[in-house]
Structures are given as C-alpha cells and as structure tokens.
Amino acid sequence: MNEQLQQTLNALQGGVTSLDASTAASNVSSWHQTLNGVPGAETLVSHLGRLQEALTSGDLQGAAALLPGLSSETERLASSAPAADQDGLRQLAAALRG
C-alpha cells in the first residue's frame with residue numbers, strides 16, 4: 001500500500017470526527033494534488049475540492065455532508081487502482097462512511 005494511503009488510514013483510526021479540521025484539510029489538499037489529472041478520478045477530485053473548501057471555511061456540517069459521496073467515489077475507483085492499494089482504498093471508503 002502506498003505511504004499516503006497508509007498515513008490517511010492511520011489518521012482515521014479514531015474515525016473522521018477524531019481529526020481536527022486543519023489536519024483534515026491538509027490531508028484532503030494532499031489527495032487533491034495527488035489525484036488531479038488521474039484519468040477516471042475527475043469526480044473524486046471534484047468532491048475533494050468541495051471538501052477542502054468546506055473544511056477551510058469552517059463548514060464542518062457541509063464537510064460531513066460530502067463524505068458519503070467521497071466514500072462512494074473512493075469505493076468505485078478502488079477496483080481500478082493498483083492491486084496493492086485496492087484493500088486500503090476500500091478501508092478508506094468504509095472509514096469515510098463512518
């Protein structure tokens with residue numbers, strides 16, 4: 001599993017509500033940069049951008065409302081990801097569903 005994915009899963013071990021908004025925003029920003037331009041990830045990148053905006057503006061309810069869509073897109077993309085990352089992406093999708 002790639003290091004960025006492992007770090008995200010480690011950060012979410014206590015659930016999405018265990019992260020403070022600035023840590024979450026930093027993580028989301030990093031994923032947005034990583035996935036921007038990846039074929040097939042356009043919808044996920046869009047979700048990440050909206051989540052980033054919600055987190056940085058302090059709209060935690062808005063951020064929470066975006067998590068189900070983010071989870072669904074992560075789950076959808078897991079099957080086309082490198083084999084070493086598929087289980088981690090499914091774990092991430094489950095963590096986002098909370």
# chains A, B, ... in the order shown; residues from 1 in each chain; ligands from 1
call {"tool": "residues_around", "arguments": {"residues": "Val45 of chain A", "least_positions_apart": "6", "cutoff": "7 Å", "atoms": "only C-alpha atoms", "output": "list of chain:residue names"}}
result
A:His32, A:Leu35, A:Asn36
call {"tool": "write_last_selection", "arguments": {"atoms": "N, CA, C and O atoms", "output": "compact mmCIF listing (two decimals), in the first residue's frame"}}
result
# COMPACT_ATOMS: atom_id res chain seq x y z
N HIS A 32 -5.98 15.82 -3.14
CA HIS A 32 -6.43 16.58 -4.31
C HIS A 32 -5.28 16.75 -5.30
O HIS A 32 -5.44 16.54 -6.50
N LEU A 35 -4.34 13.25 -6.94
CA LEU A 35 -5.30 12.68 -7.89
C LEU A 35 -5.67 13.60 -9.04
O LEU A 35 -6.26 13.14 -10.02
N ASN A 36 -5.33 14.87 -8.94
CA ASN A 36 -5.66 15.80 -10.01
C ASN A 36 -4.98 15.36 -11.30
O ASN A 36 -3.77 15.18 -11.34
call {"tool": "select_by_dssp", "arguments": {"residues": "chain A", "states": "helix (DSSP H, G or I)", "output": "count of residues only"}}
result
77
call {"tool": "residues_around", "arguments": {"residues": "Thr34 of chain A", "least_positions_apart": "2", "cutoff": "12 Å", "atoms": "only C-alpha atoms", "output": "list in words"}}
result
Asn2, Gln4, Leu5, Asn27, Val28, Ser29, Ser30, Trp31, His32, Asn36, Gly37, Val38, Pro39, Ala41, Glu42, Leu44, Val45 and Leu48 of chain A
call {"tool": "residues_around", "arguments": {"residues": "Arg50 of chain A", "least_positions_apart": "4", "cutoff": "9 Å", "atoms": "only C-alpha atoms", "output": "JSON, numbers by chain"}}
result
{"A": [45, 46, 54, 55, 63, 66]}
call {"tool": "residues_around", "arguments": {"residues": "segment 9-20 of chain A", "least_positions_apart": "6", "cutoff": "8 Å", "atoms": "only C-alpha atoms", "output": "list in words"}}
result
Gly88, Gln91, Leu92, Ala95, Leu96 and Gly98 of chain A
call {"tool": "write_last_selection", "arguments": {"atoms": "N, CA, C and O atoms", "output": "compact mmCIF listing (two decimals), in the first residue's frame"}}
result
# COMPACT_ATOMS: atom_id res chain seq x y z
N GLY A 88 -6.73 -1.05 0.79
CA GLY A 88 -6.62 0.19 1.54
C GLY A 88 -7.67 1.20 1.12
O GLY A 88 -8.24 1.90 1.96
N GLN A 91 -10.89 0.21 2.59
CA GLN A 91 -10.88 0.57 4.01
C GLN A 91 -11.15 2.07 4.18
O GLN A 91 -11.90 2.48 5.08
N LEU A 92 -10.55 2.85 3.32
CA LEU A 92 -10.74 4.30 3.37
C LEU A 92 -12.20 4.64 3.09
O LEU A 92 -12.80 5.47 3.78
N ALA A 95 -14.18 3.94 6.13
CA ALA A 95 -13.92 4.93 7.19
C ALA A 95 -14.67 6.23 6.89
O ALA A 95 -15.17 6.88 7.81
N LEU A 96 -14.76 6.60 5.63
CA LEU A 96 -15.47 7.82 5.26
C LEU A 96 -16.98 7.69 5.45
O LEU A 96 -17.66 8.67 5.72
N GLY A 98 -18.14 6.04 7.86
CA GLY A 98 -18.19 6.17 9.31
C GLY A 98 -19.21 5.32 9.92
O GLY A 98 -19.74 5.36 10.92
call {"tool": "atom_distance", "arguments": {"atom1": "atom CA of Gln52 of chain A", "atom2": "atom CA of Gly69 of chain A"}}
result
14.0 Å
call {"tool": "atom_distance", "arguments": {"atom1": "atom CA of Ser79 of chain A", "atom2": "atom CA of Gln6 of chain A"}}
result
17.5 Å
call {"tool": "atom_distance", "arguments": {"atom1": "atom CA of Ala84 of chain A", "atom2": "atom CA of Arg97 of chain A"}}
result
21.8 Å
call {"tool": "closest_residue", "arguments": {"among": "A:Gly49, A:Thr23, A:Leu70, A:Ala81", "to": "Thr8 of chain A", "atoms": "only C-alpha atoms"}}
result
A:Thr23
call {"tool": "closest_residue", "arguments": {"among": "A:Leu51, A:Ala65, A:Gly58, A:Gly40", "to": "Leu77 of chain A", "atoms": "only C-alpha atoms"}}
result
A:Gly40
call {"tool": "residues_around", "arguments": {"residues": "Ala93 of chain A", "least_positions_apart": "4", "cutoff": "6 Å", "atoms": "only C-alpha atoms", "output": "list in words"}}
result
Ser71, Thr74 and Glu75 of chain A
call {"tool": "write_last_selection", "arguments": {"atoms": "C-alpha atoms", "output": "JSON list (two decimals), in the first residue's frame"}}
result
[["chain", "number", "residue", "atom", "x", "y", "z"],
["A", 71, "SER", "CA", -16.82, 7.33, 0.09],
["A", 74, "THR", "CA", -13.34, 6.04, -3.44],
["A", 75, "GLU", "CA", -15.05, 2.62, -3.47]]
call {"tool": "closest_residue", "arguments": {"among": "A:Gln7, A:Ala21, A:Asp87, A:Met1", "to": "Leu60 of chain A", "atoms": "only C-alpha atoms"}}
result
A:Ala21
